[in-house]
$ cat protein10.cif   # mmCIF, C-alpha atoms
data_target
#
loop_
_atom_site.group_PDB
_atom_site.id
_atom_site.type_symbol
_atom_site.label_atom_id
_atom_site.label_comp_id
_atom_site.auth_asym_id
_atom_site.auth_seq_id
_atom_site.Cartn_x
_atom_site.Cartn_y
_atom_site.Cartn_z
ATOM 1 C CA MET M 220 42.289 -20.205 -21.217
ATOM 2 C CA SER M 221 42.968 -23.460 -19.411
ATOM 3 C CA ARG M 222 40.181 -25.971 -19.084
ATOM 4 C CA SER M 223 40.211 -25.883 -15.286
ATOM 5 C CA PHE M 224 40.052 -22.075 -15.244
ATOM 6 C CA GLY M 225 37.120 -22.189 -17.654
ATOM 7 C CA LEU M 226 35.309 -24.633 -15.406
ATOM 8 C CA ALA M 227 36.029 -22.547 -12.326
ATOM 9 C CA LEU M 228 34.723 -19.448 -14.119
ATOM 10 C CA ALA M 229 31.571 -21.272 -15.193
ATOM 11 C CA ALA M 230 31.021 -22.455 -11.623
ATOM 12 C CA LEU M 231 31.552 -18.926 -10.306
ATOM 13 C CA LEU M 232 29.086 -17.437 -12.790
ATOM 14 C CA ALA M 233 26.558 -20.144 -11.975
ATOM 15 C CA SER M 234 26.850 -19.498 -8.252
ATOM 16 C CA GLN M 235 26.476 -15.752 -8.784
ATOM 17 C CA ALA M 236 23.381 -16.280 -10.879
ATOM 18 C CA GLU M 237 21.997 -18.365 -8.057
ATOM 19 C CA ILE M 238 22.796 -15.693 -5.473
ATOM 20 C CA SER M 239 21.144 -12.920 -7.448
ATOM 21 C CA ALA M 240 17.955 -14.966 -7.756
ATOM 22 C CA ALA M 241 17.574 -15.477 -4.018
ATOM 23 C CA ALA M 242 15.833 -13.011 -1.741
ATOM 24 C CA ALA M 243 18.480 -10.875 -0.045
ATOM 25 C CA VAL M 244 18.473 -7.505 1.679
ATOM 26 C CA GLY M 245 19.206 -4.727 -0.816
ATOM 27 C CA GLU M 246 18.386 -6.916 -3.806
ATOM 28 C CA LYS M 247 15.283 -6.985 -5.967
ATOM 29 C CA ALA M 248 12.669 -9.161 -4.291
ATOM 30 C CA PRO M 249 11.837 -12.271 -6.337
ATOM 31 C CA ALA M 250 8.202 -12.602 -7.414
ATOM 32 C CA VAL M 251 5.994 -14.881 -5.368
ATOM 33 C CA GLU M 252 4.062 -16.948 -7.887
ATOM 34 C CA PRO M 253 2.106 -19.526 -5.948
ATOM 35 C CA LYS M 254 -0.113 -22.324 -7.186
ATOM 36 C CA GLU M 255 -3.003 -20.591 -5.503
ATOM 37 C CA TRP M 256 -3.840 -17.409 -3.567
ATOM 38 C CA LEU M 257 -6.137 -17.682 -0.577
ATOM 39 C CA ASN M 258 -7.942 -15.059 1.506
ATOM 40 C CA SER M 259 -8.174 -12.567 -1.346
ATOM 41 C CA LYS M 260 -11.399 -10.858 -2.338
ATOM 42 C CA ALA M 261 -10.345 -10.738 -5.971
ATOM 43 C CA ALA M 262 -7.880 -12.570 -8.193
ATOM 44 C CA ILE M 263 -4.380 -11.368 -7.502
ATOM 45 C CA THR M 264 -0.879 -11.456 -8.978
ATOM 46 C CA TRP M 265 2.506 -10.430 -7.602
ATOM 47 C CA SER M 266 2.767 -7.602 -10.137
ATOM 48 C CA GLN M 267 -0.478 -6.077 -8.822
ATOM 49 C CA LEU M 268 1.253 -5.620 -5.475
ATOM 50 C CA LYS M 269 4.057 -3.561 -7.051
ATOM 51 C CA GLY M 270 4.657 -0.272 -5.293
ATOM 52 C CA ARG M 271 3.301 -1.526 -1.977
ATOM 53 C CA VAL M 272 5.356 -2.544 1.025
ATOM 54 C CA ILE M 273 5.120 -6.338 1.229
ATOM 55 C CA LEU M 274 5.934 -8.723 4.033
ATOM 56 C CA VAL M 275 6.598 -12.197 2.660
ATOM 57 C CA GLU M 276 6.351 -14.704 5.471
ATOM 58 C CA LYS M 277 7.116 -18.398 5.218
ATOM 59 C CA TRP M 278 4.989 -20.263 7.705
ATOM 60 C CA ALA M 279 3.068 -23.470 8.326
ATOM 61 C CA THR M 280 -0.135 -24.459 10.090
ATOM 62 C CA TRP M 281 1.754 -26.782 12.451
ATOM 63 C CA MET W 124 1.801 -19.911 13.883
ATOM 64 C CA GLN W 125 2.297 -17.765 16.996
ATOM 65 C CA SER W 126 2.925 -14.899 14.597
ATOM 66 C CA ILE W 127 -0.696 -14.763 13.440
ATOM 67 C CA PRO W 128 -2.132 -12.262 15.970
ATOM 68 C CA HIS W 129 0.892 -10.001 15.460
ATOM 69 C CA LEU W 130 0.557 -10.146 11.672
ATOM 70 C CA ASN W 131 -3.208 -9.576 11.832
ATOM 71 C CA GLU W 132 -2.531 -6.491 13.909
ATOM 72 C CA LEU W 133 0.099 -5.149 11.484
ATOM 73 C CA ASN W 134 -2.273 -5.821 8.599
ATOM 74 C CA THR W 135 -5.048 -3.796 10.240
ATOM 75 C CA LYS W 136 -2.753 -0.966 11.242
ATOM 76 C CA PHE W 137 -0.840 -0.518 7.980
ATOM 77 C CA GLY W 138 -2.999 -2.203 5.336
ATOM 78 C CA LYS W 139 -4.694 0.931 4.097
ATOM 79 C CA LYS W 140 -1.395 2.790 4.075
ATOM 80 C CA GLY W 141 0.002 0.471 1.418
ATOM 81 C CA PHE W 142 1.209 -2.578 3.360
ATOM 82 C CA THR W 143 0.441 -6.141 2.288
ATOM 83 C CA ILE W 144 1.273 -9.381 4.067
ATOM 84 C CA VAL W 145 1.745 -12.541 2.040
ATOM 85 C CA GLY W 146 1.943 -15.728 4.091
ATOM 86 C CA VAL W 147 3.570 -18.491 2.049
ATOM 87 C CA THR W 148 3.046 -22.171 2.802
ATOM 88 C CA ASN W 149 3.221 -25.299 0.656
ATOM 89 C CA GLU W 150 0.623 -27.231 2.593
ATOM 90 C CA PRO W 151 -2.597 -28.464 0.907
ATOM 91 C CA SER W 152 -4.899 -25.574 0.121
ATOM 92 C CA ALA W 153 -8.000 -27.178 1.695
ATOM 93 C CA LYS W 154 -6.192 -27.625 5.003
ATOM 94 C CA VAL W 155 -4.894 -24.051 4.925
ATOM 95 C CA SER W 156 -8.348 -22.670 4.043
ATOM 96 C CA THR W 157 -9.858 -24.252 7.146
ATOM 97 C CA PHE W 158 -6.987 -22.904 9.221
ATOM 98 C CA ILE W 159 -7.486 -19.365 7.866
ATOM 99 C CA THR W 160 -11.101 -19.420 9.074
ATOM 100 C CA GLU W 161 -10.270 -21.023 12.432
ATOM 101 C CA LYS W 162 -7.550 -18.502 13.258
ATOM 102 C CA SER W 163 -9.258 -15.493 11.596
ATOM 103 C CA ILE W 164 -6.216 -14.755 9.444
ATOM 104 C CA SER W 165 -6.856 -11.394 7.782
ATOM 105 C CA TYR W 166 -3.982 -11.266 5.301
ATOM 106 C CA LEU W 167 -3.153 -12.899 1.966
ATOM 107 C CA ILE W 168 -1.997 -16.491 1.842
ATOM 108 C CA ALA W 169 -0.015 -17.992 -1.022
ATOM 109 C CA ILE W 170 0.016 -21.755 -1.552
ATOM 110 C CA GLY W 171 3.378 -22.602 -3.045
ATOM 111 C CA ASP W 172 7.118 -22.937 -2.500
ATOM 112 C CA ALA W 173 8.498 -19.467 -3.357
ATOM 113 C CA PRO W 174 11.898 -21.196 -3.667
ATOM 114 C CA GLU W 175 13.844 -17.922 -4.010
ATOM 115 C CA TYR W 176 12.896 -17.107 -0.436
ATOM 116 C CA ARG W 177 15.375 -19.387 1.289
ATOM 117 C CA THR W 178 15.405 -20.076 4.974
ATOM 118 C CA ASN W 179 16.592 -22.796 7.320
ATOM 119 C CA GLY W 180 13.658 -22.396 9.642
ATOM 120 C CA ILE W 181 10.126 -21.071 9.721
ATOM 121 C CA PRO W 182 8.597 -18.680 10.409
ATOM 122 C CA HIS W 183 10.906 -16.360 8.517
ATOM 123 C CA ALA W 184 9.965 -13.114 6.827
ATOM 124 C CA TRP W 185 11.234 -10.633 4.247
ATOM 125 C CA LEU W 186 10.117 -7.018 4.098
ATOM 126 C CA VAL W 187 9.949 -5.694 0.545
ATOM 127 C CA GLY W 188 10.005 -1.909 0.090
ATOM 128 C CA GLY W 189 7.912 0.119 -2.345
ATOM 129 C CA ASP W 190 10.940 0.092 -4.668
ATOM 130 C CA GLY W 191 10.644 -3.701 -4.940
ATOM 131 C CA LYS W 192 13.852 -4.380 -2.998
ATOM 132 C CA VAL W 193 14.237 -6.456 0.134
ATOM 133 C CA ALA W 194 14.638 -4.034 3.049
ATOM 134 C CA TRP W 195 14.806 -6.478 5.947
ATOM 135 C CA GLU W 196 14.617 -10.151 6.796
ATOM 136 C CA GLY W 197 14.295 -12.101 9.996
ATOM 137 C CA HIS W 198 11.854 -13.660 12.412
ATOM 138 C CA PRO W 199 8.447 -11.973 11.992
ATOM 139 C CA ALA W 200 8.220 -11.332 15.754
ATOM 140 C CA SER W 201 11.365 -9.210 15.599
ATOM 141 C CA LEU W 202 10.011 -6.939 12.858
ATOM 142 C CA ALA W 203 9.757 -3.446 14.364
ATOM 143 C CA GLU W 204 6.776 -1.330 13.370
ATOM 144 C CA ALA W 205 9.215 1.523 12.767
ATOM 145 C CA LYS W 206 10.726 -0.537 9.936
ATOM 146 C CA ILE W 207 7.349 -0.760 8.222
ATOM 147 C CA GLU W 208 6.614 2.919 8.806
ATOM 148 C CA GLU W 209 9.964 3.835 7.302
ATOM 149 C CA ALA W 210 9.322 1.687 4.236
ATOM 150 C CA LEU W 211 5.831 3.151 3.850
ATOM 151 C CA LYS W 212 7.203 6.682 3.538
ATOM 152 C CA SER W 213 8.171 6.048 -0.059
ATOM 153 C CA VAL W 214 4.864 4.391 -0.946
ATOM 154 C CA ARG W 215 2.457 6.142 -3.236
ATOM 155 C CA LEU W 216 -0.942 4.559 -3.200
ATOM 156 C CA GLY W 217 -2.911 4.146 -6.360
ATOM 157 C CA PRO W 218 -2.772 1.970 -9.421
ATOM 158 C CA HIS W 219 0.579 1.000 -10.900
ATOM 159 C CA PHE W 220 1.090 1.182 -14.656
ATOM 160 C CA GLU W 221 3.377 -0.649 -17.031
ATOM 161 C CA LEU W 222 2.916 0.686 -20.540
ATOM 162 C CA PRO W 223 4.645 0.095 -23.890
ATOM 163 C CA LYS W 224 7.520 2.291 -25.144
ATOM 164 C CA SER W 225 5.291 4.681 -27.074
ATOM 165 C CA LEU W 226 3.448 5.474 -23.833
ATOM 166 C CA LYS W 227 6.437 5.804 -21.503
ATOM 167 C CA LYS W 228 5.747 9.461 -20.786
ATOM 168 C CA ALA W 229 2.195 8.654 -19.748
ATOM 169 C CA GLU W 230 3.501 5.768 -17.618
ATOM 170 C CA LEU W 231 5.906 8.054 -15.770
ATOM 171 C CA LEU W 232 3.211 10.663 -15.123
ATOM 172 C CA LEU W 233 0.682 8.082 -13.962
ATOM 173 C CA ASN W 234 3.100 6.271 -11.656
ATOM 174 C CA ASN W 235 3.927 9.638 -10.096
ATOM 175 C CA GLN W 236 0.226 10.157 -9.477
ATOM 176 C CA ARG W 237 -0.071 12.965 -11.995
ATOM 177 C CA TYR W 238 -3.269 11.483 -13.362
ATOM 178 C CA ALA W 239 -4.624 14.552 -15.159
ATOM 179 C CA ASP W 240 -1.377 14.933 -17.152
ATOM 180 C CA GLY W 241 -1.156 11.180 -17.701
ATOM 181 C CA ILE W 242 -4.716 11.085 -19.019
ATOM 182 C CA LYS W 243 -3.878 13.915 -21.446
ATOM 183 C CA GLU W 244 -0.888 11.949 -22.741
ATOM 184 C CA LEU W 245 -2.985 8.818 -23.238
ATOM 185 C CA GLU W 246 -5.740 10.752 -25.003
ATOM 186 C CA LYS W 247 -3.194 12.479 -27.223
ATOM 187 C CA TYR W 248 -1.829 9.099 -28.286
ATOM 188 C CA LEU W 249 -5.319 7.797 -28.973
ATOM 189 C CA THR W 250 -6.138 10.628 -31.392
ATOM 190 C CA LYS W 251 -3.705 9.074 -33.899
ATOM 191 C CA PRO W 252 -2.505 5.732 -32.576
ATOM 192 C CA LYS W 253 0.409 4.153 -34.435
ATOM 193 C CA ASP W 254 -0.038 0.684 -33.050
ATOM 194 C CA GLU W 255 -3.193 -1.230 -32.314
ATOM 195 C CA ALA W 256 -1.836 -3.120 -29.320
ATOM 196 C CA ASP W 257 -0.470 0.098 -27.782
ATOM 197 C CA ALA W 258 -3.795 1.830 -28.341
ATOM 198 C CA ALA W 259 -5.522 -1.016 -26.511
ATOM 199 C CA LYS W 260 -3.083 -0.568 -23.620
ATOM 200 C CA ALA W 261 -3.796 3.168 -23.547
ATOM 201 C CA THR W 262 -7.542 2.562 -23.470
ATOM 202 C CA GLU W 263 -7.095 -0.006 -20.723
ATOM 203 C CA ALA W 264 -5.013 2.450 -18.678
ATOM 204 C CA LEU W 265 -7.665 5.163 -19.086
ATOM 205 C CA ALA W 266 -10.330 2.765 -17.839
ATOM 206 C CA SER W 267 -8.130 1.833 -14.908
ATOM 207 C CA ILE W 268 -7.672 5.487 -13.835
ATOM 208 C CA THR W 269 -11.374 6.233 -14.202
ATOM 209 C CA GLY W 270 -12.127 3.151 -12.126
ATOM 210 C CA TYR W 271 -9.629 4.244 -9.488
ATOM 211 C CA ALA W 272 -11.229 7.703 -9.235
ATOM 212 C CA LYS W 273 -14.701 6.190 -8.981
ATOM 213 C CA THR W 274 -13.669 3.659 -6.320
ATOM 214 C CA THR W 275 -11.879 6.324 -4.292
ATOM 215 C CA LEU W 276 -14.922 8.613 -4.338
ATOM 216 C CA GLU W 277 -17.063 5.689 -3.174
ATOM 217 C CA GLU W 278 -14.563 5.017 -0.398
ATOM 218 C CA VAL W 279 -14.968 8.645 0.701
ATOM 219 C CA ASP W 280 -18.702 8.075 1.188
ATOM 220 C CA ALA W 281 -18.019 4.865 3.094
ATOM 221 C CA LYS W 282 -15.532 6.634 5.389
ATOM 222 C CA VAL W 283 -17.995 9.434 6.086
ATOM 223 C CA GLY W 284 -20.563 6.751 6.916
ATOM 224 C CA GLU W 285 -18.137 5.203 9.413
ATOM 225 C CA GLY W 286 -17.437 8.603 10.955
ATOM 226 C CA LEU W 287 -13.813 8.476 9.799
ATOM 227 C CA TYR W 288 -13.765 11.957 8.311
ATOM 228 C CA HIS W 289 -9.970 12.253 8.380
ATOM 229 C CA ASP W 290 -9.707 9.256 6.052
ATOM 230 C CA ALA W 291 -12.407 10.752 3.828
ATOM 231 C CA LEU W 292 -10.727 14.152 3.746
ATOM 232 C CA GLY W 293 -7.325 12.587 3.108
ATOM 233 C CA LYS W 294 -8.715 10.768 0.067
ATOM 234 C CA LEU W 295 -10.433 13.906 -1.223
ATOM 235 C CA GLN W 296 -7.255 15.949 -0.891
ATOM 236 C CA GLY W 297 -5.328 13.196 -2.657
ATOM 237 C CA LEU W 298 -7.776 13.218 -5.574
ATOM 238 C CA GLU W 299 -7.672 17.010 -5.822
ATOM 239 C CA LYS W 300 -3.911 16.943 -6.066
ATOM 240 C CA SER W 301 -3.410 13.945 -8.354
ATOM 241 C CA PHE W 302 -6.217 14.938 -10.756
ATOM 242 C CA LYS W 303 -5.475 18.679 -10.699
ATOM 243 C CA GLY W 304 -6.948 20.223 -13.849
ATOM 244 C CA HIS W 305 -9.253 17.248 -14.469
ATOM 245 C CA ASP W 306 -12.947 16.914 -13.703
ATOM 246 C CA VAL W 307 -12.234 14.387 -10.911
ATOM 247 C CA ALA W 308 -10.370 17.093 -8.968
ATOM 248 C CA LYS W 309 -13.382 19.358 -9.297
ATOM 249 C CA GLN W 310 -15.692 16.595 -8.070
ATOM 250 C CA ALA W 311 -13.431 16.064 -5.062
ATOM 251 C CA LYS W 312 -13.322 19.783 -4.323
ATOM 252 C CA ASP W 313 -17.094 20.122 -4.599
ATOM 253 C CA LYS W 314 -17.584 17.151 -2.321
ATOM 254 C CA THR W 315 -15.227 18.624 0.288
ATOM 255 C CA LYS W 316 -17.053 21.953 0.160
ATOM 256 C CA ALA W 317 -20.446 20.275 0.432
ATOM 257 C CA LEU W 318 -19.358 18.346 3.534
ATOM 258 C CA GLU W 319 -17.799 21.436 5.099
ATOM 259 C CA SER W 320 -20.942 23.483 4.706
ATOM 260 C CA ASP W 321 -23.398 20.764 5.746
ATOM 261 C CA ALA W 322 -24.448 21.236 9.390
ATOM 262 C CA ALA W 323 -24.341 17.462 9.984
ATOM 263 C CA HIS W 324 -20.696 17.173 8.872
ATOM 264 C CA LYS W 325 -19.246 20.633 9.465
ATOM 265 C CA ASP W 326 -17.672 20.055 12.890
ATOM 266 C CA GLU W 327 -16.469 16.586 11.971
ATOM 267 C CA MET W 328 -14.705 18.003 8.913
ATOM 268 C CA ALA W 329 -13.089 20.746 11.008
ATOM 269 C CA ILE W 330 -11.662 18.146 13.399
ATOM 270 C CA ALA W 331 -10.630 15.957 10.457
ATOM 271 C CA GLU W 332 -8.611 18.836 9.066
ATOM 272 C CA ASP W 333 -6.798 19.281 12.372
ATOM 273 C CA VAL W 334 -6.172 15.535 12.661
ATOM 274 C CA LEU W 335 -4.566 15.523 9.192
ATOM 275 C CA LYS W 336 -2.517 18.577 10.136
ATOM 276 C CA ALA W 337 -1.361 16.821 13.305
ATOM 277 C CA GLN W 338 -0.491 13.695 11.325
ATOM 278 C CA ALA W 339 1.558 15.774 8.888
ATOM 279 C CA TYR W 340 3.494 17.296 11.794
ATOM 280 C CA LEU W 341 3.976 13.838 13.254
ATOM 281 C CA ASP W 342 5.341 12.458 9.978
ATOM 282 C CA ALA W 343 7.836 15.327 9.921
ATOM 283 C CA GLY W 344 8.923 14.569 13.472
ATOM 284 C CA GLY W 345 6.905 17.354 15.066
ATOM 285 C CA GLY W 346 5.261 15.384 17.856
ATOM 286 C CA ARG W 347 4.875 18.415 20.124
ATOM 287 C CA GLN W 348 3.172 20.559 17.487
ATOM 288 C CA ALA W 349 0.895 17.624 16.653
ATOM 289 C CA ALA W 350 -0.020 17.187 20.327
ATOM 290 C CA ALA W 351 -0.720 20.922 20.688
ATOM 291 C CA ILE W 352 -3.160 20.902 17.754
ATOM 292 C CA LEU W 353 -4.989 17.851 19.067
ATOM 293 C CA LYS W 354 -5.150 19.157 22.620
ATOM 294 C CA LYS W 355 -6.936 22.242 21.382
ATOM 295 C CA VAL W 356 -9.415 20.085 19.438
ATOM 296 C CA THR W 357 -10.190 17.671 22.264
ATOM 297 C CA GLY W 358 -10.562 20.527 24.743
ATOM 298 C CA ASN W 359 -13.108 22.353 22.597
ATOM 299 C CA LYS W 360 -16.584 22.079 24.150
ATOM 300 C CA ARG W 361 -18.190 22.589 20.760
ATOM 301 C CA TYR W 362 -16.882 19.192 19.655
ATOM 302 C CA GLU W 363 -18.010 17.279 22.731
ATOM 303 C CA ASN W 364 -20.368 15.004 20.809
ATOM 304 C CA ALA W 365 -18.460 14.762 17.551
ATOM 305 C CA LYS W 366 -17.497 11.284 16.332
ATOM 306 C CA MET W 367 -14.110 12.621 15.288
ATOM 307 C CA ARG W 368 -13.353 13.771 18.829
ATOM 308 C CA LYS W 369 -12.572 10.154 19.739
ATOM 309 C CA VAL W 370 -10.174 9.815 16.804
ATOM 310 C CA ALA W 371 -8.406 13.028 17.842
ATOM 311 C CA GLU W 372 -8.291 11.895 21.463
ATOM 312 C CA GLU W 373 -6.781 8.502 20.579
ATOM 313 C CA LEU W 374 -4.140 10.061 18.368
ATOM 314 C CA PHE W 375 -3.354 12.572 21.103
ATOM 315 C CA GLN W 376 -2.864 9.806 23.694
ATOM 316 C CA GLU W 377 -0.688 7.840 21.277
ATOM 317 C CA ILE W 378 1.559 10.848 20.661
ATOM 318 C CA VAL W 379 1.792 11.828 24.314
ATOM 319 C CA ALA W 380 2.798 8.278 25.216
ATOM 320 C CA LYS W 381 5.718 8.514 22.802
ATOM 321 C CA LEU W 382 6.868 12.032 23.751
#
$ encode --input "protein10.cif" --output "structure tokens"
Amino acid sequence: MSRSFGLALAALLASQAEISAAAAVGEKAPAVEPKEWLNSKAAITWSQLKGRVILVEKWATW
Amino acid sequence: MQSIPHLNELNTKFGKKGFTIVGVTNEPSAKVSTFITEKSISYLIAIGDAPEYRTNGIPHAWLVGGDGKVAWEGHPASLAEAKIEEALKSVRLGPHFELPKSLKKAELLLNNQRYADGIKELEKYLTKPKDEADAAKATEALASITGYAKTTLEEVDAKVGEGLYHDALGKLQGLEKSFKGHDVAKQAKDKTKALESDAAHKDEMAIAEDVLKAQAYLDAGGGRQAAAILKKVTGNKRYENAKMRKVAEELFQEIVAKL
């Protein structure tokens, strides 16, 4: 295996790993593990939400 | 930020059916807390980056199905309610279990809401446990199911108190089915019977049954059959003063508007 091919393969694998980690339609949704949960009556974790339909929304107060 | 009223509305409408909204922001938590109160945000907020959820602009949202996979993404305002309803079809409410290998059979039963059978499996394991950690997990799972049954029965009382007999009846029927053969199912059945024979609740329960029947038709695409059932209920003079008459009437109007 040539050195350049090896590097290209490594780059390809790295980029695929990156793609599979990102949230994408049809793929497993990555866990949301924030520093802090707000507006919850009890302590919560992402795994407790398993089985429910979840809408993850990125937003800001501004 | 303009999405808040829309999201609050979705949260109210679908929350008890198994829908959760998680608003993610990386702003300081104190600032966000104040904002939550000011804007009466009713859903969960996560303070963090959630870097796997990549977007070039906000707001941006991802809908995750009950199977844990992303079903949709886009601007929250363009999320159709039908999308959520579709995703909710596969949702089974109730606790979710992740148990060790030796308890996989129990895990499968429990996650399919066959609690009576799942409990039997857990108890069987606990009669001669091979592993201390696994036994602890089994005990924990048993406590979790018992807690779920207790909470659900309490919710039934609360729903009756609010005059939402269809929600109460739905929960009771769910318990009867998922705990079939277990004492919890018997408790649910007895409670249903008691409500049905009590003069103060009798009519409400009768309407509740028809509302659930109509909802079942509706879920199966039978809008006309659902409307017919509800029309009969709302037209019945006997039910004129029943609290549930309003629920039936609202559902009827909603269906007719869509037909």
$ residues_around --input "protein10.cif" --residues "M:Trp256" --least-positions-apart "2" --cutoff "8 Å" --atoms "only C-alpha atoms" --output "number ranges by chain"
M: 253-254, 258-259, 262-263; W: 167-170
$ interface_residues --input "protein10.cif" --of "chain M" --to "chain W" --cutoff "9 Å" --atoms "all atoms listed in the file" --output "PyMOL selection string"
chain M and resi 240-259+266-281
$ residues_around --input "protein10.cif" --residues "W:Glu319" --least-positions-apart "5" --cutoff "12 Å" --atoms "all atoms listed in the file" --output "list of chain:residue names"
W:Tyr288, W:Leu292, W:Lys312, W:Asp313, W:Lys314, W:His324, W:Lys325, W:Asp326, W:Glu327, W:Met328, W:Ala329, W:Ile330, W:Ala331, W:Glu332
$ atom_distance --input "protein10.cif" --atom1 "atom CA of W:Leu287" --atom2 "atom CA of W:Ala317"
16.5 Å
$ atom_distance --input "protein10.cif" --atom1 "atom CA of W:Asp254" --atom2 "atom CA of W:Leu222"
12.9 Å
$ resolve_selection --input "protein10.cif" --expression "the PyMOL selection byres ((chain W and resi 374) around 12)" --output "VMD selection string"
chain W and resid 289 331 333 to 338 341 346 349 to 354 356 to 357 367 to 373 375 to 381
$ residues_near_point --input "protein10.cif" --point "(-6.1, 7.5, -14.9)" --cutoff "8 Å" --atoms "only C-alpha atoms" --output "PDB file with C-alpha atoms, keeping the file's coordinate frame"
ATOM      1  CA  LEU W 233       0.682   8.082 -13.962  1.00  0.00           C
ATOM      2  CA  TYR W 238      -3.269  11.483 -13.362  1.00  0.00           C
ATOM      3  CA  ALA W 239      -4.624  14.552 -15.159  1.00  0.00           C
ATOM      4  CA  GLY W 241      -1.156  11.180 -17.701  1.00  0.00           C
ATOM      5  CA  ILE W 242      -4.716  11.085 -19.019  1.00  0.00           C
ATOM      6  CA  ALA W 264      -5.013   2.450 -18.678  1.00  0.00           C
ATOM      7  CA  LEU W 265      -7.665   5.163 -19.086  1.00  0.00           C
ATOM      8  CA  ALA W 266     -10.330   2.765 -17.839  1.00  0.00           C
ATOM      9  CA  SER W 267      -8.130   1.833 -14.908  1.00  0.00           C
ATOM     10  CA  ILE W 268      -7.672   5.487 -13.835  1.00  0.00           C
ATOM     11  CA  THR W 269     -11.374   6.233 -14.202  1.00  0.00           C
ATOM     12  CA  GLY W 270     -12.127   3.151 -12.126  1.00  0.00           C
ATOM     13  CA  TYR W 271      -9.629   4.244  -9.488  1.00  0.00           C
ATOM     14  CA  ALA W 272     -11.229   7.703  -9.235  1.00  0.00           C
TER      15      ALA W 272
END
$ build_atoms --input "protein10.cif" --residues "stretch 300-316 of chain W" --atoms "N, CA and C atoms" --output "PDB file, keeping the file's coordinate frame"
ATOM      1  N   LYS W 300      -5.296  16.717  -5.669  1.00  0.00           N
ATOM      2  CA  LYS W 300      -3.911  16.943  -6.066  1.00  0.00           C
ATOM      3  C   LYS W 300      -3.547  16.117  -7.311  1.00  0.00           C
ATOM      4  N   SER W 301      -3.874  14.819  -7.274  1.00  0.00           N
ATOM      5  CA  SER W 301      -3.410  13.945  -8.354  1.00  0.00           C
ATOM      6  C   SER W 301      -4.198  14.154  -9.658  1.00  0.00           C
ATOM      7  N   PHE W 302      -5.408  14.700  -9.549  1.00  0.00           N
ATOM      8  CA  PHE W 302      -6.217  14.938 -10.756  1.00  0.00           C
ATOM      9  C   PHE W 302      -6.325  16.426 -11.088  1.00  0.00           C
ATOM     10  N   LYS W 303      -5.411  17.225 -10.517  1.00  0.00           N
ATOM     11  CA  LYS W 303      -5.475  18.679 -10.699  1.00  0.00           C
ATOM     12  C   LYS W 303      -5.647  19.063 -12.173  1.00  0.00           C
ATOM     13  N   GLY W 304      -6.692  19.823 -12.467  1.00  0.00           N
ATOM     14  CA  GLY W 304      -6.948  20.223 -13.849  1.00  0.00           C
ATOM     15  C   GLY W 304      -7.946  19.300 -14.546  1.00  0.00           C
ATOM     16  N   HIS W 305      -8.316  18.221 -13.897  1.00  0.00           N
ATOM     17  CA  HIS W 305      -9.253  17.248 -14.469  1.00  0.00           C
ATOM     18  C   HIS W 305     -10.579  17.328 -13.703  1.00  0.00           C
ATOM     19  N   ASP W 306     -11.618  16.849 -14.316  1.00  0.00           N
ATOM     20  CA  ASP W 306     -12.947  16.914 -13.703  1.00  0.00           C
ATOM     21  C   ASP W 306     -13.012  16.199 -12.343  1.00  0.00           C
ATOM     22  N   VAL W 307     -12.226  15.128 -12.184  1.00  0.00           N
ATOM     23  CA  VAL W 307     -12.234  14.387 -10.911  1.00  0.00           C
ATOM     24  C   VAL W 307     -11.816  15.299  -9.755  1.00  0.00           C
ATOM     25  N   ALA W 308     -10.831  16.160 -10.004  1.00  0.00           N
ATOM     26  CA  ALA W 308     -10.370  17.093  -8.968  1.00  0.00           C
ATOM     27  C   ALA W 308     -11.502  18.028  -8.567  1.00  0.00           C
ATOM     28  N   LYS W 309     -12.259  18.459  -9.560  1.00  0.00           N
ATOM     29  CA  LYS W 309     -13.382  19.358  -9.297  1.00  0.00           C
ATOM     30  C   LYS W 309     -14.452  18.639  -8.466  1.00  0.00           C
ATOM     31  N   GLN W 310     -14.723  17.390  -8.841  1.00  0.00           N
ATOM     32  CA  GLN W 310     -15.692  16.595  -8.070  1.00  0.00           C
ATOM     33  C   GLN W 310     -15.262  16.462  -6.613  1.00  0.00           C
ATOM     34  N   ALA W 311     -13.960  16.225  -6.421  1.00  0.00           N
ATOM     35  CA  ALA W 311     -13.431  16.064  -5.062  1.00  0.00           C
ATOM     36  C   ALA W 311     -13.566  17.371  -4.282  1.00  0.00           C
ATOM     37  N   LYS W 312     -13.246  18.469  -4.964  1.00  0.00           N
ATOM     38  CA  LYS W 312     -13.322  19.783  -4.323  1.00  0.00           C
ATOM     39  C   LYS W 312     -14.768  20.114  -3.937  1.00  0.00           C
ATOM     40  N   ASP W 313     -15.674  19.856  -4.860  1.00  0.00           N
ATOM     41  CA  ASP W 313     -17.094  20.122  -4.599  1.00  0.00           C
ATOM     42  C   ASP W 313     -17.604  19.288  -3.424  1.00  0.00           C
ATOM     43  N   LYS W 314     -17.149  18.046  -3.393  1.00  0.00           N
ATOM     44  CA  LYS W 314     -17.584  17.151  -2.321  1.00  0.00           C
ATOM     45  C   LYS W 314     -17.068  17.660  -0.965  1.00  0.00           C
ATOM     46  N   THR W 315     -15.818  18.088  -0.950  1.00  0.00           N
ATOM     47  CA  THR W 315     -15.227  18.624   0.288  1.00  0.00           C
ATOM     48  C   THR W 315     -16.038  19.824   0.761  1.00  0.00           C
ATOM     49  N   LYS W 316     -16.301  20.737  -0.173  1.00  0.00           N
ATOM     50  CA  LYS W 316     -17.053  21.953   0.160  1.00  0.00           C
ATOM     51  C   LYS W 316     -18.441  21.613   0.689  1.00  0.00           C
TER      52      LYS W 316
END
